[in-house]
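Reproduced below: run_9.txt, with compact mmCIF, C-alpha atoms.
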```txt
# COMPACT_ATOMS: atom_id res chain seq x y z
CA MET A 1 0.00 0.00 0.00
CA ARG A 2 1.14 3.52 -0.79
CA CYS A 3 0.49 6.81 1.00
CA HIS A 4 -2.56 8.57 -0.44
CA ARG A 5 -0.70 11.87 -0.26
CA CYS A 6 3.01 11.33 -1.04
CA HIS A 7 3.05 7.75 -2.42
CA ALA A 8 5.71 6.57 0.05
CA PRO A 9 5.13 3.11 1.61
CA ALA A 10 2.07 3.44 3.83
CA ASN A 11 1.84 2.76 7.57
CA VAL A 12 -1.76 3.42 8.53
CA GLU A 13 -4.69 2.28 6.43
CA ILE A 14 -8.17 3.75 6.68
CA ARG A 15 -10.11 0.74 5.45
CA ARG A 16 -13.50 2.46 5.43
CA SER A 17 -12.17 5.05 2.94
CA ARG A 18 -9.82 2.65 1.10
CA ILE A 19 -6.88 4.98 1.63
CA ALA A 20 -3.64 4.79 3.61
CA PHE A 21 -0.98 7.22 4.82
CA CYS A 22 2.70 7.06 5.67
CA ALA A 23 3.81 7.99 9.19
CA ARG A 24 4.84 11.48 8.00
CA CYS A 25 1.50 12.36 6.37
CA TYR A 26 -0.83 10.55 8.80
CA PRO A 27 -0.80 13.07 11.70
CA ASP A 28 -1.76 15.93 9.36
CA TRP A 29 -4.68 13.90 8.02
CA PHE A 30 -5.78 13.02 11.57
CA ARG A 31 -5.60 16.63 12.78
CA ALA A 32 -7.46 17.83 9.66
CA GLN A 33 -10.26 15.36 10.46
CA VAL A 34 -10.53 16.71 14.01
CA GLN A 35 -10.45 20.32 12.83
CA GLU A 36 -13.17 19.59 10.29
CA ARG A 37 -15.41 18.15 13.02
CA ILE A 38 -14.77 21.02 15.42
CA ASP A 39 -15.73 23.51 12.70
CA HIS A 40 -18.60 21.59 11.14
CA ASP A 41 -20.28 20.77 14.46
CA ARG A 42 -19.41 24.22 15.91
CA MET A 43 -17.81 22.60 18.94
CA PHE A 44 -15.75 25.58 20.06
CA ARG A 45 -13.92 28.64 18.78
CA ARG A 46 -10.24 29.55 19.05
CA ASP A 47 -10.95 32.25 21.64
CA GLN A 48 -12.71 29.79 23.96
CA ARG A 49 -11.12 27.82 26.79
CA VAL A 50 -11.32 24.03 26.51
CA LEU A 51 -10.97 21.56 29.39
CA VAL A 52 -9.86 18.14 28.14
CA ALA A 53 -10.96 15.15 30.24
CA VAL A 54 -7.66 13.26 30.55
CA SER A 55 -7.40 9.61 31.61
CA GLY A 56 -3.81 8.83 30.60
CA GLY A 57 -5.11 6.60 27.79
CA LYS A 58 -4.55 7.01 24.07
CA ASP A 59 -7.80 8.78 23.21
CA SER A 60 -7.67 11.62 25.71
CA LEU A 61 -3.94 12.21 25.23
CA ALA A 62 -4.28 12.06 21.42
CA LEU A 63 -7.11 14.59 21.69
CA TRP A 64 -5.11 16.92 23.94
CA HIS A 65 -2.07 16.63 21.65
CA THR A 66 -4.21 17.37 18.58
CA LEU A 67 -5.86 20.43 20.15
CA MET A 68 -2.43 21.70 21.23
CA ARG A 69 -1.05 21.26 17.70
CA LEU A 70 -4.13 22.94 16.20
CA GLY A 71 -3.49 25.95 18.44
CA TYR A 72 -6.43 25.73 20.83
CA ARG A 73 -6.35 26.90 24.46
CA ALA A 74 -6.75 23.47 26.04
CA ASP A 75 -5.95 22.49 29.63
CA GLY A 76 -6.42 19.01 31.11
CA LEU A 77 -8.24 17.52 34.07
CA TYR A 78 -7.27 14.18 35.57
CA VAL A 79 -9.42 12.54 38.25
CA ARG A 80 -7.51 10.25 40.63
CA LEU A 81 -10.00 7.40 40.89
CA GLY A 82 -7.99 5.25 43.31
CA ILE A 83 -8.05 2.06 41.21
CA GLY A 84 -4.77 0.76 42.64
CA GLU A 85 -1.71 0.43 40.43
CA TYR A 86 -3.75 1.18 37.29
CA SER A 87 -4.61 4.65 38.60
CA ARG A 88 -1.02 5.33 39.68
CA ARG A 89 0.27 4.42 36.24
CA SER A 90 -2.37 6.38 34.34
CA GLN A 91 -1.77 9.43 36.55
CA ALA A 92 1.94 9.24 35.75
CA LYS A 93 1.13 9.13 32.01
CA ALA A 94 -1.16 12.16 32.26
CA GLU A 95 1.37 14.14 34.32
CA GLY A 96 4.25 13.08 32.07
CA PHE A 97 2.38 14.28 28.97
CA ALA A 98 1.50 17.63 30.55
CA ASN A 99 5.09 18.19 31.72
CA ARG A 100 6.60 17.20 28.37
CA HIS A 101 4.43 19.69 26.49
CA GLY A 102 4.26 22.44 29.13
CA LEU A 103 0.48 22.08 29.52
CA LEU A 104 -1.67 22.78 32.57
CA LEU A 105 -3.15 19.67 34.19
CA HIS A 106 -5.75 20.13 36.93
CA GLN A 107 -6.32 17.17 39.25
CA VAL A 108 -9.05 15.96 41.58
CA ASP A 109 -8.07 13.35 44.17
CA LEU A 110 -11.16 11.35 45.13
CA GLU A 111 -9.65 9.84 48.27
CA ALA A 112 -7.94 12.95 49.64
CA ASP A 113 -10.62 15.45 48.63
CA HIS A 114 -13.79 13.36 48.89
CA GLY A 115 -12.98 10.44 51.21
CA PHE A 116 -13.59 7.49 48.90
CA VAL A 117 -12.23 5.69 45.84
CA VAL A 118 -14.05 4.05 42.90
CA PRO A 119 -13.62 0.48 44.23
CA ASP A 120 -15.55 1.59 47.37
CA LEU A 121 -18.53 2.41 45.14
CA VAL A 122 -18.54 -1.08 43.69
CA GLU A 123 -18.33 -2.63 47.14
CA ALA A 124 -21.09 -0.31 48.33
CA ARG A 125 -23.19 -1.63 45.42
CA SER A 126 -23.57 1.75 43.77
CA GLY A 127 -24.18 0.17 40.38
CA LYS A 128 -21.81 -1.36 37.86
CA PRO A 129 -18.19 -0.17 38.07
CA CYS A 130 -18.07 1.67 34.74
CA ALA A 131 -21.44 3.36 35.32
CA ALA A 132 -20.46 4.53 38.82
CA CYS A 133 -17.04 5.67 37.58
CA GLY A 134 -18.70 7.52 34.68
CA THR A 135 -20.95 9.40 37.11
CA VAL A 136 -17.90 10.40 39.19
CA LYS A 137 -15.90 11.59 36.18
CA ARG A 138 -18.77 13.50 34.52
CA TYR A 139 -19.51 15.23 37.83
CA HIS A 140 -15.95 16.43 38.35
CA PHE A 141 -15.34 17.41 34.72
CA ASN A 142 -18.45 19.57 34.81
CA LYS A 143 -17.80 21.00 38.28
CA VAL A 144 -14.19 21.95 37.65
CA ALA A 145 -15.03 23.40 34.22
CA ALA A 146 -17.88 25.48 35.67
CA GLU A 147 -15.85 26.70 38.65
CA LEU A 148 -12.78 27.62 36.60
CA GLY A 149 -14.73 29.26 33.78
CA TYR A 150 -14.03 26.86 30.91
CA ASP A 151 -16.37 27.21 27.94
CA VAL A 152 -16.43 23.55 27.02
CA VAL A 153 -15.41 20.09 28.22
CA ALA A 154 -13.85 17.90 25.49
CA THR A 155 -13.72 14.13 25.87
CA GLY A 156 -11.80 11.55 23.83
CA HIS A 157 -14.83 9.41 22.85
CA ASN A 158 -14.05 7.83 19.48
CA LEU A 159 -16.08 6.15 16.74
CA ASP A 160 -15.87 2.73 18.43
CA ASP A 161 -17.03 4.15 21.78
CA GLU A 162 -19.96 5.94 20.20
CA ALA A 163 -20.95 3.02 17.95
CA ALA A 164 -20.81 0.64 20.94
CA THR A 165 -22.94 3.01 23.03
CA LEU A 166 -25.44 3.32 20.18
CA PHE A 167 -25.54 -0.46 19.78
CA GLY A 168 -26.14 -0.94 23.50
CA ASN A 169 -28.87 1.68 23.57
CA LEU A 170 -30.58 0.00 20.62
CA VAL A 171 -30.29 -3.48 22.13
CA HIS A 172 -32.01 -2.19 25.26
CA TRP A 173 -34.20 0.39 23.45
CA ASN A 174 -33.09 3.18 25.74
CA GLY A 175 -35.07 5.88 23.94
CA GLU A 176 -34.02 8.65 26.29
CA TYR A 177 -30.31 7.86 25.91
CA LEU A 178 -30.67 7.51 22.12
CA ALA A 179 -32.19 10.97 21.95
CA ARG A 180 -29.20 12.38 23.86
CA GLN A 181 -26.46 10.62 21.88
CA LEU A 182 -24.84 13.58 20.16
CA PRO A 183 -21.28 14.80 19.50
CA VAL A 184 -22.21 18.14 21.09
CA LEU A 185 -24.26 18.33 24.26
CA GLU A 186 -25.43 21.88 24.71
CA SER A 187 -25.67 23.40 28.16
CA THR A 188 -29.27 23.26 29.38
CA HIS A 189 -28.61 25.01 32.70
CA PRO A 190 -26.09 27.64 33.79
CA GLY A 191 -24.42 24.98 35.95
CA PHE A 192 -23.89 22.57 33.03
CA VAL A 193 -20.89 23.19 30.76
CA ARG A 194 -21.14 22.24 27.04
CA LYS A 195 -19.64 18.82 26.25
CA VAL A 196 -18.06 17.90 22.93
CA LYS A 197 -16.47 14.79 21.39
CA PRO A 198 -14.06 15.91 18.65
CA LEU A 199 -12.85 12.34 17.88
CA TYR A 200 -16.28 10.80 17.39
CA ARG A 201 -15.74 10.00 13.70
CA LEU A 202 -12.22 8.58 14.14
CA SER A 203 -11.84 4.92 15.01
CA GLU A 204 -10.05 3.59 18.05
CA ARG A 205 -7.40 2.12 15.73
CA GLU A 206 -6.85 5.51 14.07
CA THR A 207 -6.50 7.22 17.45
CA ALA A 208 -4.02 4.59 18.65
CA ALA A 209 -2.03 4.96 15.41
CA TYR A 210 -1.88 8.74 15.96
CA ALA A 211 -0.60 8.20 19.52
CA LEU A 212 2.08 5.77 18.31
CA VAL A 213 3.21 7.93 15.39
CA GLU A 214 3.37 11.03 17.60
CA ARG A 215 5.20 9.01 20.29
CA ILE A 216 2.61 9.78 22.93
CA ASP A 217 3.34 7.72 26.05
CA TYR A 218 -0.08 6.40 27.09
CA ILE A 219 -1.31 3.62 29.37
CA LEU A 220 -1.79 0.46 27.31
CA GLU A 221 -3.40 -1.65 30.00
CA GLU A 222 -7.16 -1.92 30.27
CA CYS A 223 -8.79 -0.70 33.47
CA PRO A 224 -9.05 -3.82 35.68
CA MET A 225 -12.58 -2.82 36.68
CA ALA A 226 -13.77 -2.74 33.05
CA LYS A 227 -13.36 -6.50 32.64
CA GLY A 228 -16.66 -7.95 31.50
CA ALA A 229 -18.10 -4.53 30.61
CA LYS A 230 -20.90 -4.79 28.05
CA SER A 231 -19.33 -2.03 25.96
CA LEU A 232 -16.31 -4.28 25.31
CA ALA A 233 -18.60 -7.07 24.08
CA TYR A 234 -20.41 -4.61 21.80
CA LYS A 235 -17.10 -3.37 20.41
CA ASP A 236 -16.07 -6.94 19.68
CA MET A 237 -19.32 -7.63 17.84
CA LEU A 238 -19.02 -4.44 15.82
CA ASN A 239 -15.43 -5.30 14.89
CA CYS A 240 -16.63 -8.71 13.63
CA LEU A 241 -18.98 -6.82 11.33
CA GLU A 242 -16.25 -4.32 10.39
CA GLU A 243 -13.97 -7.18 9.36
CA GLN A 244 -16.55 -8.27 6.76
CA GLN A 245 -17.84 -4.81 5.89
CA PRO A 246 -15.22 -2.07 6.28
CA GLY A 247 -16.95 1.17 7.20
CA ALA A 248 -19.90 -0.52 8.93
CA LYS A 249 -19.23 1.20 12.29
CA TYR A 250 -18.94 4.59 10.63
CA ARG A 251 -22.13 4.15 8.60
CA PHE A 252 -23.95 2.85 11.69
CA LEU A 253 -23.07 5.88 13.82
CA VAL A 254 -23.12 8.62 11.20
CA GLY A 255 -26.30 7.21 9.65
CA PHE A 256 -27.94 7.33 13.07
CA LEU A 257 -26.85 10.93 13.67
CA LYS A 258 -27.97 12.06 10.20
CA GLN A 259 -31.14 10.02 9.72
CA GLY A 260 -31.92 7.77 12.69
CA ARG A 261 -32.30 10.60 15.17
CA SER A 262 -35.02 12.20 13.05
CA VAL A 263 -37.42 9.32 13.74
CA LEU A 264 -36.89 9.50 17.48
CA PRO A 265 -39.09 11.57 19.75
CA ALA A 266 -37.26 14.74 20.79
CA ALA A 267 -35.15 14.48 23.93
CA ALA A 268 -37.15 15.37 26.99
CA PRO A 269 -36.40 18.97 27.92
CA GLU A 270 -34.36 19.46 31.08
CA ALA A 271 -36.72 19.17 34.02
CA ALA A 272 -38.15 22.53 34.95
CA ASP A 273 -37.33 21.97 38.61
CA VAL A 274 -33.53 21.81 38.19
CA ARG A 275 -32.01 23.41 41.24
CA ARG A 276 -28.69 23.43 43.06
CA CYS A 277 -27.64 20.46 45.20
CA SER A 278 -27.99 21.50 48.82
CA ARG A 279 -24.48 20.21 49.56
CA CYS A 280 -22.27 20.81 46.54
CA GLY A 281 -24.22 23.34 44.49
CA GLN A 282 -24.20 21.32 41.26
CA PRO A 283 -27.43 21.22 39.21
CA THR A 284 -29.86 18.45 40.20
CA THR A 285 -33.56 17.70 40.37
CA ALA A 286 -33.29 16.31 43.91
CA GLU A 287 -32.34 17.79 47.26
CA LEU A 288 -28.99 15.98 47.08
CA CYS A 289 -27.44 15.29 43.66
CA ALA A 290 -26.73 11.73 42.45
CA TYR A 291 -22.99 12.22 43.02
CA CYS A 292 -23.38 13.36 46.64
CA ARG A 293 -25.66 10.41 47.39
CA MET A 294 -23.19 8.02 45.79
CA ALA A 295 -20.23 9.66 47.56
CA ASP A 296 -22.00 9.17 50.92
CA ARG A 297 -22.19 5.41 50.27
CA GLY A 298 -18.57 5.35 49.10
CA ARG A 299 -17.34 7.23 52.18
CA ARG A 300 -19.20 4.89 54.53
CA LYS A 301 -17.60 1.88 52.83
CA HIS A 302 -14.19 3.58 52.91
CA GLU A 303 -14.48 4.35 56.64
CA THR A 304 -15.57 0.78 57.37
CA LYS A 305 -12.48 -0.51 55.57
CA ASP A 306 -10.23 2.00 57.37
CA ARG A 307 -11.45 0.63 60.71
CA LYS A 308 -11.32 -3.00 59.60
CA TYR A 309 -7.73 -2.78 58.34
CA GLY A 310 -6.52 -0.24 60.93
CA ARG A 311 -5.66 2.30 58.18
CA THR A 312 -5.10 5.97 58.89
CA PRO A 313 -7.92 7.88 57.15
CA VAL A 314 -6.70 9.94 54.16
CA GLY A 315 -9.96 11.72 53.36
CA PRO A 316 -10.94 15.33 54.03
CA MET B 1 8.37 -15.65 13.21
CA ARG B 2 8.24 -14.11 16.68
CA VAL B 3 5.26 -12.06 17.80
CA VAL B 4 5.05 -10.09 21.05
CA ILE B 5 1.47 -9.33 22.10
CA LEU B 6 1.07 -6.29 24.31
CA PRO B 7 0.34 -5.23 27.04
CA GLU B 8 1.36 -8.51 28.76
CA ARG B 9 4.20 -9.07 26.23
CA GLU B 10 3.04 -12.62 25.56
CA VAL B 11 5.43 -14.21 23.05
CA ARG B 12 4.09 -16.41 20.22
CA GLU B 13 5.80 -18.13 17.29
CA VAL B 14 3.72 -18.17 14.10
CA PRO B 15 4.44 -18.94 10.43
CA ALA B 16 5.36 -15.86 8.38
CA GLY B 17 2.70 -14.38 6.09
CA THR B 18 1.03 -11.02 5.62
CA VAL B 19 0.02 -8.83 8.57
CA ALA B 20 -3.62 -9.75 7.90
CA ASP B 21 -2.68 -13.48 7.95
CA LEU B 22 -0.81 -12.98 11.22
CA LEU B 23 -3.80 -11.42 12.99
CA ARG B 24 -6.13 -14.06 11.57
CA ARG B 25 -3.85 -16.84 12.89
CA LEU B 26 -3.80 -15.20 16.30
CA GLY B 27 -7.60 -14.83 16.25
CA LEU B 28 -7.38 -11.05 16.56
CA HIS B 29 -9.50 -8.42 14.79
CA LEU B 30 -7.77 -6.29 12.18
CA ASP B 31 -9.67 -3.24 13.38
CA ALA B 32 -8.78 -3.79 17.03
CA HIS B 33 -4.99 -4.12 16.71
CA LEU B 34 -1.92 -2.43 15.28
CA VAL B 35 1.10 -4.46 14.16
CA VAL B 36 4.44 -2.71 14.63
CA ARG B 37 7.89 -3.74 13.33
CA GLY B 38 10.68 -1.72 14.88
CA GLU B 39 9.13 1.74 14.96
CA ASP B 40 6.89 1.27 11.93
CA ILE B 41 3.18 0.50 11.97
CA LEU B 42 2.48 -2.01 9.19
CA THR B 43 -0.49 -2.10 6.80
CA SER B 44 -2.38 -5.38 6.47
CA ASP B 45 -0.82 -6.27 3.08
CA VAL B 46 2.82 -6.17 4.28
CA ARG B 47 4.50 -9.57 3.88
CA LEU B 48 6.53 -10.57 6.94
CA ALA B 49 9.66 -12.78 6.88
CA GLU B 50 10.48 -15.67 9.24
CA GLU B 51 13.26 -13.58 10.83
CA ASP B 52 10.93 -10.63 11.54
CA GLU B 53 9.84 -9.76 15.06
CA VAL B 54 6.69 -7.70 15.47
CA GLU B 55 4.67 -6.29 18.34
CA VAL B 56 0.87 -6.37 18.39
CA TYR B 57 -0.82 -3.42 20.11
CA PRO B 58 -4.44 -3.78 21.22
CA VAL B 59 -6.35 -0.56 20.58
CA ILE B 60 -9.64 -1.26 22.33
CA SER B 61 -10.26 0.36 25.66
CA GLY B 62 -13.53 0.25 27.37
CA GLY B 63 -15.92 0.61 30.16
CA ALA B 64 -18.29 3.55 30.48
```

Once you've parsed the file, please lay out its structure as structure tokens.
Amino acid sequence: MRCHRCHAPANVEIRRSRIAFCARCYPDWFRAQVQERIDHDRMFRRDQRVLVAVSGGKDSLALWHTLMRLGYRADGLYVRLGIGEYSRRSQAKAEGFANRHGLLLHQVDLEADHGFVVPDLVEARSGKPCAACGTVKRYHFNKVAAELGYDVVATGHNLDDEAATLFGNLVHWNGEYLARQLPVLESTHPGFVRKVKPLYRLSERETAAYALVERIDYILEECPMAKGAKSLAYKDMLNCLEEQQPGAKYRFLVGFLKQGRSVLPAAAPEAADVRRCSRCGQPTTAELCAYCRMADRGRRKHETKDRKYGRTPVGP
Amino acid sequence: MRVVILPEREVREVPAGTVADLLRRLGLHLDAHLVVRGEDILTSDVRLAEEDEVEVYPVISGGA
């Protein structure tokens, strides 16, 4: 295979478009794709401040790198989730990237600042690990962005993530979630910051290739708590289809966004009774927001374990 | 030829063929892995030699 642009031997093929690029031309193509999405979907402007949700994995670091190279004002936020060695290693990757490129990385430490870690939530039966972890991350990305005056939160969700989510929502006919599956989630309350997904049309393989070509040092290991997650099974099924029909994932997601959404009932408007959480001030429809209720359960479990194992409490 | 599968660095010996053949023999999806020789990512049509050593990077991450 030859590079679509310079005809040198190719390194990265884009099977859905039947083109390939060499390692020199590939990053420019990748960044152009991201720029095109930012502009076309009006995600953010150059004068706006972007907060990138950073996990230490390939997607978030590739996104941060791309925004930096495209000249955007993008800072990072890493949430220390307390998932043992995995969290320590991913934190080191996020910090290493920020230091190497002279970028600002904000951090939230769940255990030190909030008195619990993600494994406590699982033990306290606060839902499935990835769902509980997602609630924690979304809460802190929004809270930090709102408090520090960022215009938008950007996440590294890629084509495979979005196609797997769509597949799962269809399998379970989650009409409400389907109606909200968009690359741009507008703010519906002054306390909610806009959320955007600039990589949503680039596959996981393309994002990983960008990280390798740009020598981004990311965490390769899978989160130990994600083992058995349904989203991984959906990704596997979609990749079986992709093997036979290159471009199937792209057509599935983009077709849904362009045509499928039009047959869905409109997303329910934000409840009229959105107010501030009585404890943390974040928007909620209840007296206490979902995060504060979940954090209470996590803290109780954490304190129980501190007593059981004779640990010195680290929390606030 | 020698194949190192990341992240555990599991080592496998497989007959040489194309990159696509290699992934098929290992039972791995083309769209879920990158095959790297030295510092170069390889396209699926590249023919590998018995003396080659390649690394296979998984690209799927999940949860959420």

Compile a residue-level contact table for chain B against chain A at a cut-off of 9 Å, reporting for every qualifying residue the shortest atom pair and its distance in Å to one decimal, with all atoms listed in the file counted, rows ordered by chain and ascending number, as a Markdown table.
```
| residue | atom | partner | partner_atom | distance |
| --- | --- | --- | --- | --- |
| B:Leu6 | CA | A:Leu220 | CA | 7.9 |
| B:Pro7 | CA | A:Glu221 | CA | 6.0 |
| B:Glu8 | CA | A:Glu221 | CA | 8.4 |
| B:His29 | CA | A:Asn239 | CA | 6.7 |
| B:Leu30 | CA | A:Glu243 | CA | 6.9 |
| B:Asp31 | CA | A:Arg205 | CA | 6.3 |
| B:Ala32 | CA | A:Arg205 | CA | 6.2 |
| B:His33 | CA | A:Arg205 | CA | 6.8 |
| B:Leu34 | CA | A:Arg205 | CA | 7.1 |
| B:Glu39 | CA | A:Val213 | CA | 8.6 |
| B:Asp40 | CA | A:Asn11 | CA | 6.8 |
| B:Ile41 | CA | A:Asn11 | CA | 5.1 |
| B:Leu42 | CA | A:Asn11 | CA | 5.1 |
| B:Thr43 | CA | A:Asn11 | CA | 5.4 |
| B:Ser44 | CA | A:Glu13 | CA | 8.0 |
| B:Asp45 | CA | A:Met1 | CA | 7.0 |
| B:Val46 | CA | A:Met1 | CA | 8.0 |
| B:Tyr57 | CA | A:Leu220 | CA | 8.2 |
| B:Pro58 | CA | A:Leu220 | CA | 7.9 |
| B:Val59 | CA | A:Arg205 | CA | 5.6 |
| B:Ile60 | CA | A:Glu204 | CA | 6.5 |
| B:Ser61 | CA | A:Glu222 | CA | 6.0 |
| B:Gly62 | CA | A:Leu232 | CA | 5.7 |
| B:Gly63 | CA | A:Ala226 | CA | 4.9 |
| B:Ala64 | CA | A:Cys130 | CA | 4.7 |
```

**Report entry** Nearby residues (all atoms listed in the file) at most 8 Å from Arg201 of chain A, same-chain spacing under 2 positions excluded, as JSON, numbers by chain
**Finding:** {"A": [158, 159, 198, 199, 203, 250, 254]}

Query - Counting only C-alpha atoms, the residue of A:Tyr139, A:Glu85, A:Val274, A:Ala266 that sits nearest Leu110 of chain A - result: A:Tyr139

Query raised in the report: Given the choices A:Leu81, A:Ser17, A:Ser55, A:Gln244, which gets closest to Asp113 of chain A if the distance is worked out from all atoms listed in the file?
Result: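 Of A:Leu81, A:Ser17, A:Ser55, A:Gln244, the one nearest Asp113 of chain A, counting all atoms listed in the file, is A:Leu81.
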
Report task. State, in Å with one decimal place, the distance from atom CA of Cys292 of chain A to atom CA of Leu61 of chain A. Result -> 28.9 Å

**Report entry** Nearby residues (only C-alpha atoms) at most 8 Å from Arg261 of chain A, same-chain spacing under 3 positions excluded, as a ChimeraX atom specification
**Finding:** /A:178-179,256-258,264

Query - Within 7 Å of Gly76 of chain A using all atoms listed in the file, minus same-chain residues under 5 positions, as a list in words - result: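 That gives Leu51, Val52, Ala53, Val54, Leu104, Leu105 and His106 of chain A.
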
Keeping only C-alpha atoms, take the residues you just selected and write them out as a PDB file, keeping the file's coordinate frame.
```pdb
ATOM      1  CA  LEU A  51     -10.970  21.560  29.390  1.00  0.00           C
ATOM      2  CA  VAL A  52      -9.860  18.140  28.140  1.00  0.00           C
ATOM      3  CA  ALA A  53     -10.960  15.150  30.240  1.00  0.00           C
ATOM      4  CA  VAL A  54      -7.660  13.260  30.550  1.00  0.00           C
ATOM      5  CA  LEU A 104      -1.670  22.780  32.570  1.00  0.00           C
ATOM      6  CA  LEU A 105      -3.150  19.670  34.190  1.00  0.00           C
ATOM      7  CA  HIS A 106      -5.750  20.130  36.930  1.00  0.00           C
TER       8      HIS A 106
END
```

Report task. Do a neighbour search on segment 86-93 of chain A at 6 Å with all atoms listed in the file, toss out local chain neighbours closer than 3 positions, and write the hits as a list in words. Result ->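 The contact residues come out as Gly56, Gly82, Ile83, Gly96, Tyr218 and Ile219 of chain A.
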
Query raised in the report: Separation of atom CA of Arg299 of chain A and atom CA of Val314 of chain A, in Å?
Result: 11.2 Å

**Report entry** Contacts of Gly17 of chain B at 9 Å (only C-alpha atoms; same-chain gap of 4+ positions) as a ChimeraX atom specification
**Finding:** /B:21-22,46-50

Query raised in the report: Interatomic distance between atom CA of Gly149 of chain A and atom CA of Ala74 of chain A?
Result: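 Between these atoms lies a distance of 12.5 Å.
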
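Nearest to Val193 of chain A of all the residues A:Gly247, A:Gly115, A:Pro283, A:Gly168 is A:Pro283, counting all atoms listed in the file.
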
**Report entry** Radius query 7 Å about (-0.2, -10.5, 18.5), atoms used: only C-alpha atoms, as a ChimeraX atom specification
**Finding:** /B:3-5,23,26,55-56

Query raised in the report: Using only C-alpha atoms, which residue out of A:Thr285, A:Asn142, A:Gln107, A:Thr66 lies closest to Val79 of chain A?
Result: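 The closest residue to Val79 of chain A is A:Gln107.
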